[in-house]
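Structure file entry_38.pdb; described as PDB, C-alpha atoms, pLDDT in the B column.
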MODEL        1
ATOM      1  CA  MET A   1     -30.221  23.758   0.021  1.00 61.00           C
ATOM      2  CA  ASP A   2     -32.339  21.832  -2.478  1.00 73.00           C
ATOM      3  CA  LYS A   3     -29.798  22.046  -5.287  1.00 87.00           C
ATOM      4  CA  LYS A   4     -27.011  21.010  -2.945  1.00 92.00           C
ATOM      5  CA  ASP A   5     -28.842  17.820  -1.943  1.00 92.00           C
ATOM      6  CA  LEU A   6     -29.630  17.053  -5.587  1.00 93.00           C
ATOM      7  CA  PHE A   7     -25.972  17.526  -6.516  1.00 95.00           C
ATOM      8  CA  ILE A   8     -24.831  15.306  -3.640  1.00 95.00           C
ATOM      9  CA  GLY A   9     -27.266  12.626  -4.830  1.00 94.00           C
ATOM     10  CA  LEU A  10     -25.891  12.948  -8.360  1.00 95.00           C
ATOM     11  CA  ILE A  11     -22.360  12.418  -7.068  1.00 96.00           C
ATOM     12  CA  ILE A  12     -23.513   9.452  -4.965  1.00 95.00           C
ATOM     13  CA  GLY A  13     -25.114   7.943  -8.077  1.00 94.00           C
ATOM     14  CA  PHE A  14     -21.945   8.263 -10.144  1.00 94.00           C
ATOM     15  CA  ILE A  15     -19.763   6.898  -7.343  1.00 95.00           C
ATOM     16  CA  ALA A  16     -22.109   3.940  -6.780  1.00 94.00           C
ATOM     17  CA  ALA A  17     -22.082   3.134 -10.506  1.00 93.00           C
ATOM     18  CA  ALA A  18     -18.285   3.386 -10.678  1.00 91.00           C
ATOM     19  CA  LEU A  19     -18.003   1.152  -7.624  1.00 92.00           C
ATOM     20  CA  GLY A  20     -20.364  -1.364  -9.211  1.00 91.00           C
ATOM     21  CA  CYS A  21     -18.356  -1.394 -12.444  1.00 89.00           C
ATOM     22  CA  GLY A  22     -15.112  -1.841 -10.546  1.00 87.00           C
ATOM     23  CA  LEU A  23     -16.428  -4.660  -8.397  1.00 88.00           C
ATOM     24  CA  PHE A  24     -17.909  -6.442 -11.413  1.00 88.00           C
ATOM     25  CA  LEU A  25     -14.620  -6.195 -13.296  1.00 85.00           C
ATOM     26  CA  TYR A  26     -12.631  -7.375 -10.292  1.00 86.00           C
ATOM     27  CA  PHE A  27     -14.741 -10.397  -9.372  1.00 87.00           C
ATOM     28  CA  PHE A  28     -16.059 -11.632 -12.733  1.00 84.00           C
ATOM     29  CA  THR A  29     -13.384 -10.773 -15.301  1.00 82.00           C
ATOM     30  CA  GLU A  30      -9.639 -10.851 -15.703  1.00 82.00           C
ATOM     31  CA  VAL A  31      -9.430  -7.094 -16.372  1.00 78.00           C
ATOM     32  CA  ARG A  32      -6.681  -5.602 -14.246  1.00 76.00           C
ATOM     33  CA  SER A  33      -5.300  -2.693 -16.315  1.00 75.00           C
ATOM     34  CA  LEU A  34      -6.393   0.203 -18.508  1.00 75.00           C
ATOM     35  CA  GLU A  35      -5.308  -1.690 -21.631  1.00 78.00           C
ATOM     36  CA  ASP A  36      -7.771  -4.448 -20.776  1.00 78.00           C
ATOM     37  CA  LEU A  37     -10.457  -1.812 -20.259  1.00 78.00           C
ATOM     38  CA  GLN A  38      -9.703  -0.417 -23.712  1.00 83.00           C
ATOM     39  CA  THR A  39     -10.151  -3.929 -25.101  1.00 83.00           C
ATOM     40  CA  ILE A  40     -13.608  -4.099 -23.497  1.00 82.00           C
ATOM     41  CA  ARG A  41     -14.485  -0.793 -25.128  1.00 83.00           C
ATOM     42  CA  ALA A  42     -13.174  -1.966 -28.508  1.00 85.00           C
ATOM     43  CA  GLN A  43     -15.306  -5.109 -28.268  1.00 86.00           C
ATOM     44  CA  GLY A  44     -18.397  -3.004 -27.586  1.00 83.00           C
ATOM     45  CA  TYR A  45     -19.057  -4.153 -24.029  1.00 84.00           C
ATOM     46  CA  MET A  46     -18.605  -0.792 -22.308  1.00 83.00           C
ATOM     47  CA  GLY A  47     -22.318   0.022 -22.400  1.00 83.00           C
ATOM     48  CA  LYS A  48     -23.166  -3.294 -20.804  1.00 85.00           C
ATOM     49  CA  LEU A  49     -20.528  -2.718 -18.138  1.00 85.00           C
ATOM     50  CA  ILE A  50     -21.982   0.696 -17.277  1.00 84.00           C
ATOM     51  CA  THR A  51     -25.446  -0.825 -17.068  1.00 85.00           C
ATOM     52  CA  LEU A  52     -24.277  -3.520 -14.649  1.00 86.00           C
ATOM     53  CA  GLY A  53     -22.512  -0.906 -12.563  1.00 85.00           C
ATOM     54  CA  ALA A  54     -25.686   1.164 -12.316  1.00 86.00           C
ATOM     55  CA  ILE A  55     -27.354  -1.639 -10.357  1.00 89.00           C
ATOM     56  CA  PHE A  56     -25.608  -0.262  -7.278  1.00 91.00           C
ATOM     57  CA  ASN A  57     -27.681   2.890  -7.735  1.00 92.00           C
ATOM     58  CA  LEU A  58     -30.709   0.886  -6.627  1.00 92.00           C
ATOM     59  CA  ILE A  59     -29.083   0.238  -3.284  1.00 93.00           C
ATOM     60  CA  ALA A  60     -28.161   3.905  -2.877  1.00 93.00           C
ATOM     61  CA  PHE A  61     -31.649   5.029  -3.961  1.00 94.00           C
ATOM     62  CA  PHE A  62     -33.541   2.848  -1.503  1.00 95.00           C
ATOM     63  CA  TYR A  63     -31.131   3.656   1.317  1.00 95.00           C
ATOM     64  CA  LEU A  64     -31.617   7.389   0.751  1.00 95.00           C
ATOM     65  CA  LEU A  65     -35.373   6.927   0.737  1.00 95.00           C
ATOM     66  CA  LYS A  66     -35.172   4.992   3.996  1.00 95.00           C
ATOM     67  CA  ILE A  67     -33.335   7.828   5.746  1.00 95.00           C
ATOM     68  CA  ASN A  68     -35.774  10.417   4.283  1.00 91.00           C
ATOM     69  CA  LYS A  69     -33.371  12.102   1.861  1.00 91.00           C
ATOM     70  CA  GLU A  70     -35.769  12.367  -1.087  1.00 92.00           C
ATOM     71  CA  LEU A  71     -33.835  15.068  -2.941  1.00 93.00           C
ATOM     72  CA  MET A  72     -30.635  13.041  -2.786  1.00 94.00           C
ATOM     73  CA  ALA A  73     -32.585  10.046  -4.063  1.00 95.00           C
ATOM     74  CA  ARG A  74     -33.718  12.215  -6.992  1.00 94.00           C
ATOM     75  CA  GLY A  75     -30.062  12.970  -7.682  1.00 94.00           C
ATOM     76  CA  VAL A  76     -29.317   9.251  -7.821  1.00 95.00           C
ATOM     77  CA  ILE A  77     -32.163   8.821 -10.314  1.00 95.00           C
ATOM     78  CA  LEU A  78     -30.755  11.702 -12.364  1.00 94.00           C
ATOM     79  CA  ALA A  79     -27.341  10.009 -12.372  1.00 94.00           C
ATOM     80  CA  THR A  80     -28.978   6.769 -13.519  1.00 92.00           C
ATOM     81  CA  ILE A  81     -30.731   8.588 -16.367  1.00 93.00           C
ATOM     82  CA  LEU A  82     -27.463  10.236 -17.426  1.00 92.00           C
ATOM     83  CA  LEU A  83     -25.731   6.847 -17.333  1.00 89.00           C
ATOM     84  CA  ALA A  84     -28.522   5.398 -19.493  1.00 88.00           C
ATOM     85  CA  VAL A  85     -27.954   8.148 -22.063  1.00 90.00           C
ATOM     86  CA  LEU A  86     -24.227   7.447 -21.928  1.00 84.00           C
ATOM     87  CA  THR A  87     -24.928   3.746 -22.467  1.00 82.00           C
ATOM     88  CA  VAL A  88     -26.965   4.520 -25.586  1.00 84.00           C
ATOM     89  CA  ILE A  89     -24.163   6.705 -26.926  1.00 82.00           C
ATOM     90  CA  LEU A  90     -21.510   4.054 -26.319  1.00 69.00           C
TER      91      LEU A  90
ENDMDL
END
This entry written out as structure tokens:
Amino acid sequence: MDKKDLFIGLIIGFIAAALGCGLFLYFFTEVRSLEDLQTIRAQGYMGKLITLGAIFNLIAFFYLLKINKELMARGVILATILLAVLTVIL
């Protein structure tokens, strides 16, 4: 049961970060297609975009703590750490 909750938290963390990236792109940029996304990557802004998207993990983390799902909250933290490593690589 513990590993299942951790895995669910990891998935929640990745989904929250993807949602954050998508919402940031939709509201603050003119990016509407995959070609535009490739332009962002070519300009070297992909790491910054992932970092901004990971802000939504804070909301998920504190919500999971509020409803006493500590292991899922750990999964969200693990997803944030993996996204930070990905940001350094990109």
Problem - Contact residues around Phe62 of chain A with only C-alpha atoms at 12 Å, ignoring same-chain residues under 4 positions, as a PyMOL selection string - result: chain A and resi 13+55-58+66-70+72-74+76-77
Exercise for the section: Work out how far atom CA of Leu86 of chain A is from atom CA of Phe14 of chain A, in Å to one decimal. Expected result: 12.0 Å
Exercise for the section: Mind giving me the straight-line distance from atom CA of Ala60 of chain A to atom CA of Lys3 of chain A in Å, one decimal? Expected result: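 A separation of 18.4 Å between them.
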Exercise for the section: Would you mind telling me which residue in A:Tyr45, A:Asp36, A:Phe27, A:Gly75 lies nearest to Ile11 of chain A when using only C-alpha atoms? Expected result: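 Comparing A:Tyr45, A:Asp36, A:Phe27, A:Gly75 against Ile11 of chain A, the winner is A:Gly75.
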Problem - Distance in Å - atom CA of Thr29 of chain A versus atom CA of Thr80 of chain A - result: 23.5 Å
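Among the candidates A:Ile8, A:Ala16, A:Ile50, A:Val31, the residue lying nearest to Thr87 of chain A is A:Ile50 (atoms considered: only C-alpha atoms).
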Compile a residue-level contact table for segment 13-53 of chain A against segment 81-85 of chain A at a cut-off of 12 Å, reporting for every qualifying residue the shortest atom pair and its distance in Å to one decimal, with all atoms listed in the file counted, rows ordered by chain and ascending number, as JSON lines.
{"residue": "A:Gly13", "atom": "CA", "partner": "A:Leu83", "partner_atom": "CA", "distance": 9.3}
{"residue": "A:Phe14", "atom": "CA", "partner": "A:Leu83", "partner_atom": "CA", "distance": 8.2}
{"residue": "A:Ile15", "atom": "CA", "partner": "A:Leu83", "partner_atom": "CA", "distance": 11.6}
{"residue": "A:Ala16", "atom": "CA", "partner": "A:Leu83", "partner_atom": "CA", "distance": 11.5}
{"residue": "A:Ala17", "atom": "CA", "partner": "A:Leu83", "partner_atom": "CA", "distance": 8.6}
{"residue": "A:Ala18", "atom": "CA", "partner": "A:Leu83", "partner_atom": "CA", "distance": 10.6}
{"residue": "A:Met46", "atom": "CA", "partner": "A:Leu83", "partner_atom": "CA", "distance": 11.6}
{"residue": "A:Gly47", "atom": "CA", "partner": "A:Ala84", "partner_atom": "CA", "distance": 8.7}
{"residue": "A:Lys48", "atom": "CA", "partner": "A:Ala84", "partner_atom": "CA", "distance": 10.3}
{"residue": "A:Leu49", "atom": "CA", "partner": "A:Leu83", "partner_atom": "CA", "distance": 10.9}
{"residue": "A:Ile50", "atom": "CA", "partner": "A:Leu83", "partner_atom": "CA", "distance": 7.2}
{"residue": "A:Thr51", "atom": "CA", "partner": "A:Ala84", "partner_atom": "CA", "distance": 7.4}
{"residue": "A:Leu52", "atom": "CA", "partner": "A:Leu83", "partner_atom": "CA", "distance": 10.8}
{"residue": "A:Gly53", "atom": "CA", "partner": "A:Leu83", "partner_atom": "CA", "distance": 9.7}
Practice task
Identify which of the residues A:Leu25, A:Lys4, A:Glu30, A:Gly9 lies closest to Leu65 of chain A, counting all atoms listed in the file when measuring atom-to-atom distances.
Solution key: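 Closest to Leu65 of chain A, using all atoms listed in the file: A:Gly9.
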To box segment 58-76 of chain A, take all atoms listed in the file, fit an axis-aligned box, add 8 Å on each side, and give centre and edge lengths in Å to one decimal, as AutoDock Vina command-line options.
--center_x -32.0 --center_y 7.7 --center_z -1.0 --size_x 23.6 --size_y 30.8 --size_z 29.6
